[in-house]
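**Student:** One structure coming up, written as structure tokens, with questions to follow.
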Amino acid sequence: MPAGGRSAANGAKYKTWPDGQTNRIAPPLTHQIVTPTLTPTLTPTTTMADTLTITDNRTGQKYDVPITDGTIRAMDLRKIKVTPDDFGLMTYDPAFLNTANCRSAITYIDGDKGILLYRGYPIEQLAEESDYLETAYLILFGELPTASQLQNWTQQITLHTMLHENIKKFMEGFQYDAHPMGIFLSTVGAMSTFYPDAKHIVDKQSRMRQTHRLRAKVPSIAAYAYRHSIGRPYNYPDNDLSFAGNFLNMLFKMTEVKYQPNPVLARALEVLFILHADHEQNCSTTTMRTIGSSQVDPYSALAGASAALYGPLHGGANEAVLRMLREIGSVTKVPEFIKKVKAGEGSKLMGFGHRVYKSYDPRAKVIKKIADLVFAVTGKNPLLDIALELERIALQDEYFVTRKLYPNVDFYSGLIYQAMGFPVEMFPVLFAIPRTAGWVAQWEEMLLDSEQKISRPRQIYTGPMQRDYVPRDKRS
Ligand code: CMC
């Protein structure tokens, strides 16, 4: 970790590995964990601050459960039993609608107010002032870097942009029409075989090395996946260019000696990368933490996170938005499409709605602004008018208003990517590149959290109880 940087683990109680290889950074006092206690009482309980009184009507017993940070501990409920050999009360929360799975100091979202902060900094300010590598540093270490820290970080990442030639050969094995996201996630997983030292997850130097490698090589894998899909030779990284500029070089360089990225497009891509860098405990980040909790190497965990991102309800949504806009075809067909969505006939309105945001996604606001800058260079995407009409109608329609469905980050990002020359299949890959910063920081935070163990939820069993095997000739 660079001098002066803070550990990503500062949202959690600090872990000491059994062999003593750890980072010695204590969490700030505001994040100290209060060990909960649960006291069954037989007498009526008076109101106390920061506790929840539960009456179990099966037994008449009352329990005081501590409330910390607006939550109760699910494990406290286990002491609520009808008989001493009872398993104890559990919570049932499919899809984690109301369950915090971790403490995290990385990203804060207020979904009602449309606020998104990375380590306390508003996304709008980072999109305006920062660049992607600086934001990735902030997400990982918790503070904006000094000039020398940023230089060192940038240099470390630049050093690792090349892919092993055998990774390229591995990628050549994919079919010519393989989806780039399928290539991407398989190749990220395969990287664990190239860097077996990544298994030493208790070694912080090793973790940092993999962090640099992942951050640096993910754009190279993405670009190679794209070049493979169009049958063009791979372009090697050009480390004179910015993070986004080099990515454009690896994608689009043809015969010119030196690729010169368009500065407006490079900056737009940099901003899109900042907007996608982290988003707290979403589906793919939860996957990263869950897989990582088994203490596997980060490449394998990141392959799983990428697979979660691939789905159309998550990072695949921007691809789905473009397909939807094409299918609608013209502005005049928008009312008919909205009618079908509301009737539940066919698709949802892709790029609308969010588990957390119940107001306009702040990332979508920034994207809408940069769309104008990009279209000034590339020419307007003809699908923009359909998107604007969809938004206009949906924002006034009772169905969407009552359900608090607003455009999310994916509604306009695809239009920009398409105008910049990216094929639709590349869209989820363009999400995975920046999200790698968040995945790696969340993985690090999870590993250093003394409260985390292997992720393993409970279930409510609904199948038959024990019964005897029936021989094949006796089955009806
Ligand atoms: N179009 C039409 N109806 C919708 C939509 C939509 N896009 N999203 C939610 N609804 C309805 C849903 O049918 C439900 O209606 P009802 O109460 O009558 O059953 C209600 O709104 C609540 O929705 P939900 O499915 O309970 O919400 P959720 O939190 O489980 O799902 C979501 C969130 C993002 C998966 C969902 O809104 C969705 O599928 N949106 C379209 C896909 C999309 O754009 N995904 C990208 C999310 S942002 C990028 C990222 O972070 O991954």
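By convention here, the chains of the structure tokens are called A, B, ... in the order presented, each chain's residues are numbered starting at 1, and ligands are numbered starting at 1 in the order presented.
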Step one, run DSSP on the backbone; step two, keep only residues of range 86-306 of chain A assigned to strand (DSSP E or B); then write them as a ChimeraX atom specification.

**Tutor:** /A:107-110,115-118,121-122

**Student:** Export, as a PDB file, in the first residue's frame, the selected residues with N, CA and C atoms.

**Tutor:**
```pdb
ATOM      1  N   THR A 107     -18.569   2.801  -0.746  1.00  0.00           N
ATOM      2  CA  THR A 107     -19.556   3.563  -1.530  1.00  0.00           C
ATOM      3  C   THR A 107     -20.818   3.784  -0.713  1.00  0.00           C
ATOM      4  N   TYR A 108     -21.339   5.007  -0.780  1.00  0.00           N
ATOM      5  CA  TYR A 108     -22.579   5.338  -0.083  1.00  0.00           C
ATOM      6  C   TYR A 108     -23.624   5.729  -1.121  1.00  0.00           C
ATOM      7  N   ILE A 109     -24.813   5.155  -0.992  1.00  0.00           N
ATOM      8  CA  ILE A 109     -25.922   5.529  -1.889  1.00  0.00           C
ATOM      9  C   ILE A 109     -27.120   5.919  -1.037  1.00  0.00           C
ATOM     10  N   ASP A 110     -27.726   7.044  -1.362  1.00  0.00           N
ATOM     11  CA  ASP A 110     -29.049   7.354  -0.822  1.00  0.00           C
ATOM     12  C   ASP A 110     -30.007   7.281  -2.011  1.00  0.00           C
ATOM     13  N   ILE A 115     -28.304  10.141  -4.317  1.00  0.00           N
ATOM     14  CA  ILE A 115     -26.928  10.526  -3.950  1.00  0.00           C
ATOM     15  C   ILE A 115     -26.016   9.303  -4.083  1.00  0.00           C
ATOM     16  N   LEU A 116     -24.863   9.515  -4.701  1.00  0.00           N
ATOM     17  CA  LEU A 116     -23.846   8.458  -4.804  1.00  0.00           C
ATOM     18  C   LEU A 116     -22.499   9.055  -4.426  1.00  0.00           C
ATOM     19  N   LEU A 117     -21.854   8.488  -3.412  1.00  0.00           N
ATOM     20  CA  LEU A 117     -20.541   8.975  -2.961  1.00  0.00           C
ATOM     21  C   LEU A 117     -19.539   7.833  -3.009  1.00  0.00           C
ATOM     22  N   TYR A 118     -18.327   8.098  -3.521  1.00  0.00           N
ATOM     23  CA  TYR A 118     -17.231   7.141  -3.356  1.00  0.00           C
ATOM     24  C   TYR A 118     -16.354   7.689  -2.234  1.00  0.00           C
ATOM     25  N   TYR A 121     -16.898  11.258  -1.501  1.00  0.00           N
ATOM     26  CA  TYR A 121     -16.866  12.282  -2.575  1.00  0.00           C
ATOM     27  C   TYR A 121     -18.045  12.092  -3.539  1.00  0.00           C
ATOM     28  N   PRO A 122     -18.819  13.162  -3.805  1.00  0.00           N
ATOM     29  CA  PRO A 122     -19.973  13.026  -4.715  1.00  0.00           C
ATOM     30  C   PRO A 122     -19.542  12.626  -6.121  1.00  0.00           C
TER      31      PRO A 122
END
```

**Student:** Would you name the residues within 9 Å of ligand 1, counting only C-alpha atoms and all ligand atoms, and put them as number ranges by chain?

**Tutor:** A: 95, 97, 276, 279, 282-284, 309, 311-318, 320-321, 338, 341-342, 344, 347-357, 361, 399-400, 402-411

**Student:** Of the residues A:Val218, A:Leu248, A:Val377, A:Leu133, which is the one nearest to Leu150 in chain A, using only C-alpha atoms?

**Tutor:**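 Closest to Leu150 in chain A of all the choices is A:Leu133.
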
**Student:** Here is a test: counting only C-alpha atoms, which residue of A:Pro428, A:Pro362, A:Gly346, A:Pro423 is nearest to Gln125 in chain A?

**Tutor:**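 So, comparing all the options, the nearest one is A:Pro362.
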
**Student:** Have a look at A:Gly329, A:Pro237, A:Pro335, A:Pro471 and name the one nearest to Ile157 in chain A; count only C-alpha atoms.

**Tutor:**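 The closest residue to Ile157 in chain A is A:Pro237.
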
**Student:** Which residue gives the smallest distance to Asp372 in chain A among A:Leu265, A:Asp468, A:Val401, A:Val334, with only C-alpha atoms counted?

**Tutor:**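 Using only C-alpha atoms, the shortest distance to Asp372 in chain A belongs to A:Leu265.
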
**Student:** Determine which residues of range 77-143 of chain A receive a DSSP assignment of alpha helix (DSSP H), computed from the backbone, and state them as a PyMOL selection string.

**Tutor:** chain A and resi 123-129+132-141

**Student:** For the selection just defined, write its residues with N, CA and C atoms to a file, as an mmCIF file, in the first residue's frame.

**Tutor:**
```cif
data_model
loop_
_atom_site.group_PDB
_atom_site.id
_atom_site.type_symbol
_atom_site.label_atom_id
_atom_site.label_comp_id
_atom_site.auth_asym_id
_atom_site.auth_seq_id
_atom_site.Cartn_x
_atom_site.Cartn_y
_atom_site.Cartn_z
ATOM 1 N N ILE A 123 -20.319 11.748 -6.713
ATOM 2 C CA ILE A 123 -19.990 11.227 -8.040
ATOM 3 C C ILE A 123 -19.902 12.360 -9.070
ATOM 4 N N GLU A 124 -20.736 13.395 -8.895
ATOM 5 C CA GLU A 124 -20.739 14.507 -9.861
ATOM 6 C C GLU A 124 -19.378 15.215 -9.847
ATOM 7 N N GLN A 125 -18.809 15.390 -8.630
ATOM 8 C CA GLN A 125 -17.510 16.082 -8.541
ATOM 9 C C GLN A 125 -16.393 15.221 -9.118
ATOM 10 N N LEU A 126 -16.447 13.927 -8.846
ATOM 11 C CA LEU A 126 -15.404 13.049 -9.390
ATOM 12 C C LEU A 126 -15.490 13.024 -10.915
ATOM 13 N N ALA A 127 -16.731 12.966 -11.435
ATOM 14 C CA ALA A 127 -16.900 12.932 -12.895
ATOM 15 C C ALA A 127 -16.382 14.219 -13.535
ATOM 16 N N GLU A 128 -16.487 15.313 -12.810
ATOM 17 C CA GLU A 128 -16.063 16.612 -13.333
ATOM 18 C C GLU A 128 -14.540 16.776 -13.223
ATOM 19 N N GLU A 129 -13.991 16.393 -12.058
ATOM 20 C CA GLU A 129 -12.601 16.764 -11.738
ATOM 21 C C GLU A 129 -11.589 15.631 -11.855
ATOM 22 N N TYR A 132 -10.027 8.292 -14.190
ATOM 23 C CA TYR A 132 -10.387 6.953 -13.739
ATOM 24 C C TYR A 132 -9.359 6.349 -12.772
ATOM 25 N N LEU A 133 -8.076 6.469 -13.094
ATOM 26 C CA LEU A 133 -7.080 5.820 -12.223
ATOM 27 C C LEU A 133 -7.056 6.459 -10.844
ATOM 28 N N GLU A 134 -7.225 7.777 -10.792
ATOM 29 C CA GLU A 134 -7.268 8.448 -9.497
ATOM 30 C C GLU A 134 -8.493 7.958 -8.693
ATOM 31 N N THR A 135 -9.633 7.833 -9.372
ATOM 32 C CA THR A 135 -10.846 7.357 -8.696
ATOM 33 C C THR A 135 -10.661 5.912 -8.224
ATOM 34 N N ALA A 136 -9.994 5.096 -9.041
ATOM 35 C CA ALA A 136 -9.752 3.697 -8.645
ATOM 36 C C ALA A 136 -8.877 3.656 -7.400
ATOM 37 N N TYR A 137 -7.904 4.559 -7.323
ATOM 38 C CA TYR A 137 -7.042 4.652 -6.132
ATOM 39 C C TYR A 137 -7.885 5.032 -4.914
ATOM 40 N N LEU A 138 -8.717 6.040 -5.098
ATOM 41 C CA LEU A 138 -9.586 6.503 -4.004
ATOM 42 C C LEU A 138 -10.456 5.352 -3.488
ATOM 43 N N ILE A 139 -11.028 4.614 -4.413
ATOM 44 C CA ILE A 139 -11.931 3.525 -4.026
ATOM 45 C C ILE A 139 -11.175 2.457 -3.231
ATOM 46 N N LEU A 140 -9.966 2.168 -3.662
ATOM 47 C CA LEU A 140 -9.203 1.115 -2.990
ATOM 48 C C LEU A 140 -8.635 1.571 -1.645
ATOM 49 N N PHE A 141 -8.025 2.758 -1.627
ATOM 50 C CA PHE A 141 -7.279 3.163 -0.424
ATOM 51 C C PHE A 141 -8.064 4.108 0.497
#
```

**Student:** Which residues come within 10 Å of range 158-171 of chain A, counting only C-alpha atoms, excluding same-chain residues fewer than 4 positions away, as a PyMOL selection string?

**Tutor:** chain A and resi 152-154+175+183-184+186-188+190-191+194+209-210+212-221+224-225+228+234+236-243+246

**Student:** Store the residues picked out above, limited to N, CA and C atoms, as a tab-separated table (two decimals), in the first residue's frame.

**Tutor:**
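Result file out18.tsv:
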```
chain	number	residue	atom	x	y	z
A	152	ASN	N	3.02	6.99	-8.75
A	152	ASN	CA	3.46	5.63	-8.45
A	152	ASN	C	2.38	4.60	-8.83
A	153	TRP	N	1.16	4.90	-8.49
A	153	TRP	CA	0.00	4.03	-8.80
A	153	TRP	C	-0.14	3.87	-10.31
A	154	THR	N	-0.08	5.01	-11.03
A	154	THR	CA	-0.23	4.98	-12.49
A	154	THR	C	0.90	4.17	-13.11
A	175	GLN	N	-14.53	-19.15	-30.83
A	175	GLN	CA	-15.17	-19.02	-32.13
A	175	GLN	C	-15.13	-17.55	-32.58
A	183	ILE	N	-15.83	-14.24	-23.69
A	183	ILE	CA	-14.36	-14.32	-23.82
A	183	ILE	C	-13.72	-13.66	-22.60
A	184	PHE	N	-14.24	-12.50	-22.24
A	184	PHE	CA	-13.67	-11.71	-21.15
A	184	PHE	C	-13.67	-12.50	-19.84
A	186	SER	N	-14.08	-15.68	-19.25
A	186	SER	CA	-13.29	-16.91	-19.26
A	186	SER	C	-11.80	-16.59	-19.15
A	187	THR	N	-11.38	-15.53	-19.83
A	187	THR	CA	-9.95	-15.20	-19.83
A	187	THR	C	-9.51	-14.68	-18.46
A	188	VAL	N	-10.37	-13.89	-17.83
A	188	VAL	CA	-10.03	-13.41	-16.48
A	188	VAL	C	-9.85	-14.62	-15.56
A	190	ALA	N	-9.03	-17.64	-16.44
A	190	ALA	CA	-7.82	-18.38	-16.85
A	190	ALA	C	-6.55	-17.72	-16.32
A	191	MET	N	-6.62	-16.42	-16.05
A	191	MET	CA	-5.41	-15.73	-15.56
A	191	MET	C	-4.91	-16.31	-14.24
A	194	PHE	N	-2.05	-18.41	-14.81
A	194	PHE	CA	-0.79	-17.74	-15.19
A	194	PHE	C	-0.11	-17.12	-13.96
A	209	ARG	N	-0.10	-6.95	-5.82
A	209	ARG	CA	0.39	-7.28	-7.17
A	209	ARG	C	-0.78	-7.69	-8.07
A	210	GLN	N	-1.68	-8.50	-7.52
A	210	GLN	CA	-2.83	-8.94	-8.35
A	210	GLN	C	-3.75	-7.75	-8.65
A	212	HIS	N	-2.80	-4.63	-9.09
A	212	HIS	CA	-2.19	-3.89	-10.21
A	212	HIS	C	-2.42	-4.65	-11.52
A	213	ARG	N	-2.19	-5.96	-11.47
A	213	ARG	CA	-2.34	-6.75	-12.70
A	213	ARG	C	-3.76	-6.68	-13.21
A	214	LEU	N	-4.70	-6.90	-12.31
A	214	LEU	CA	-6.09	-6.92	-12.75
A	214	LEU	C	-6.49	-5.58	-13.36
A	215	ARG	N	-6.17	-4.50	-12.62
A	215	ARG	CA	-6.53	-3.16	-13.09
A	215	ARG	C	-5.93	-2.90	-14.47
A	216	ALA	N	-4.68	-3.35	-14.66
A	216	ALA	CA	-3.97	-3.04	-15.89
A	216	ALA	C	-4.37	-3.94	-17.05
A	217	LYS	N	-4.63	-5.21	-16.78
A	217	LYS	CA	-4.80	-6.17	-17.88
A	217	LYS	C	-6.25	-6.30	-18.36
A	218	VAL	N	-7.18	-5.90	-17.51
A	218	VAL	CA	-8.58	-6.06	-17.89
A	218	VAL	C	-8.92	-5.29	-19.19
A	219	PRO	N	-8.43	-4.03	-19.37
A	219	PRO	CA	-8.71	-3.38	-20.66
A	219	PRO	C	-8.04	-4.10	-21.83
A	220	SER	N	-6.86	-4.66	-21.59
A	220	SER	CA	-6.17	-5.37	-22.68
A	220	SER	C	-6.97	-6.60	-23.08
A	221	ILE	N	-7.49	-7.33	-22.09
A	221	ILE	CA	-8.32	-8.52	-22.41
A	221	ILE	C	-9.57	-8.08	-23.18
A	224	TYR	N	-8.65	-7.18	-26.73
A	224	TYR	CA	-8.32	-8.38	-27.52
A	224	TYR	C	-9.58	-9.15	-27.87
A	225	ALA	N	-10.51	-9.19	-26.91
A	225	ALA	CA	-11.77	-9.90	-27.17
A	225	ALA	C	-12.49	-9.24	-28.35
A	228	HIS	N	-10.59	-9.85	-31.68
A	228	HIS	CA	-10.81	-11.23	-32.09
A	228	HIS	C	-12.17	-11.35	-32.79
A	234	TYR	N	-4.26	-8.07	-32.97
A	234	TYR	CA	-4.26	-7.41	-31.67
A	234	TYR	C	-3.33	-6.20	-31.68
A	236	TYR	N	-0.95	-3.86	-29.31
A	236	TYR	CA	-0.31	-3.85	-27.99
A	236	TYR	C	-0.61	-2.52	-27.30
A	237	PRO	N	-0.54	-2.54	-25.96
A	237	PRO	CA	-0.82	-1.28	-25.23
A	237	PRO	C	0.20	-0.20	-25.56
A	238	ASP	N	-0.25	1.05	-25.53
A	238	ASP	CA	0.65	2.20	-25.69
A	238	ASP	C	0.61	2.95	-24.36
A	239	ASN	N	1.69	2.81	-23.60
A	239	ASN	CA	1.67	3.34	-22.24
A	239	ASN	C	1.95	4.84	-22.15
A	240	ASP	N	2.14	5.50	-23.32
A	240	ASP	CA	2.22	6.98	-23.31
A	240	ASP	C	0.83	7.57	-23.13
A	241	LEU	N	-0.19	6.78	-23.45
A	241	LEU	CA	-1.56	7.32	-23.47
A	241	LEU	C	-2.22	7.15	-22.11
A	242	SER	N	-3.32	7.89	-21.92
A	242	SER	CA	-4.09	7.77	-20.67
A	242	SER	C	-4.74	6.39	-20.63
A	243	PHE	N	-5.33	6.07	-19.49
A	243	PHE	CA	-5.99	4.76	-19.33
A	243	PHE	C	-7.04	4.56	-20.44
A	246	ASN	N	-5.39	4.72	-24.09
A	246	ASN	CA	-4.73	3.47	-24.46
A	246	ASN	C	-5.76	2.41	-24.82
```

**Student:** Write out as JSON, numbers by chain which residues come within 12 Å of Trp443 in chain A when counting only C-alpha atoms, dropping same-chain ones fewer than 6 positions away.

**Tutor:** {"A": [7, 8, 9, 102, 104, 106, 139, 140, 201, 207, 208, 210, 211, 280, 281, 284, 285, 286, 287, 288, 289, 290, 291, 292, 293, 294, 295, 296, 297, 298, 299, 300, 301, 302, 305, 436, 437, 449, 452]}
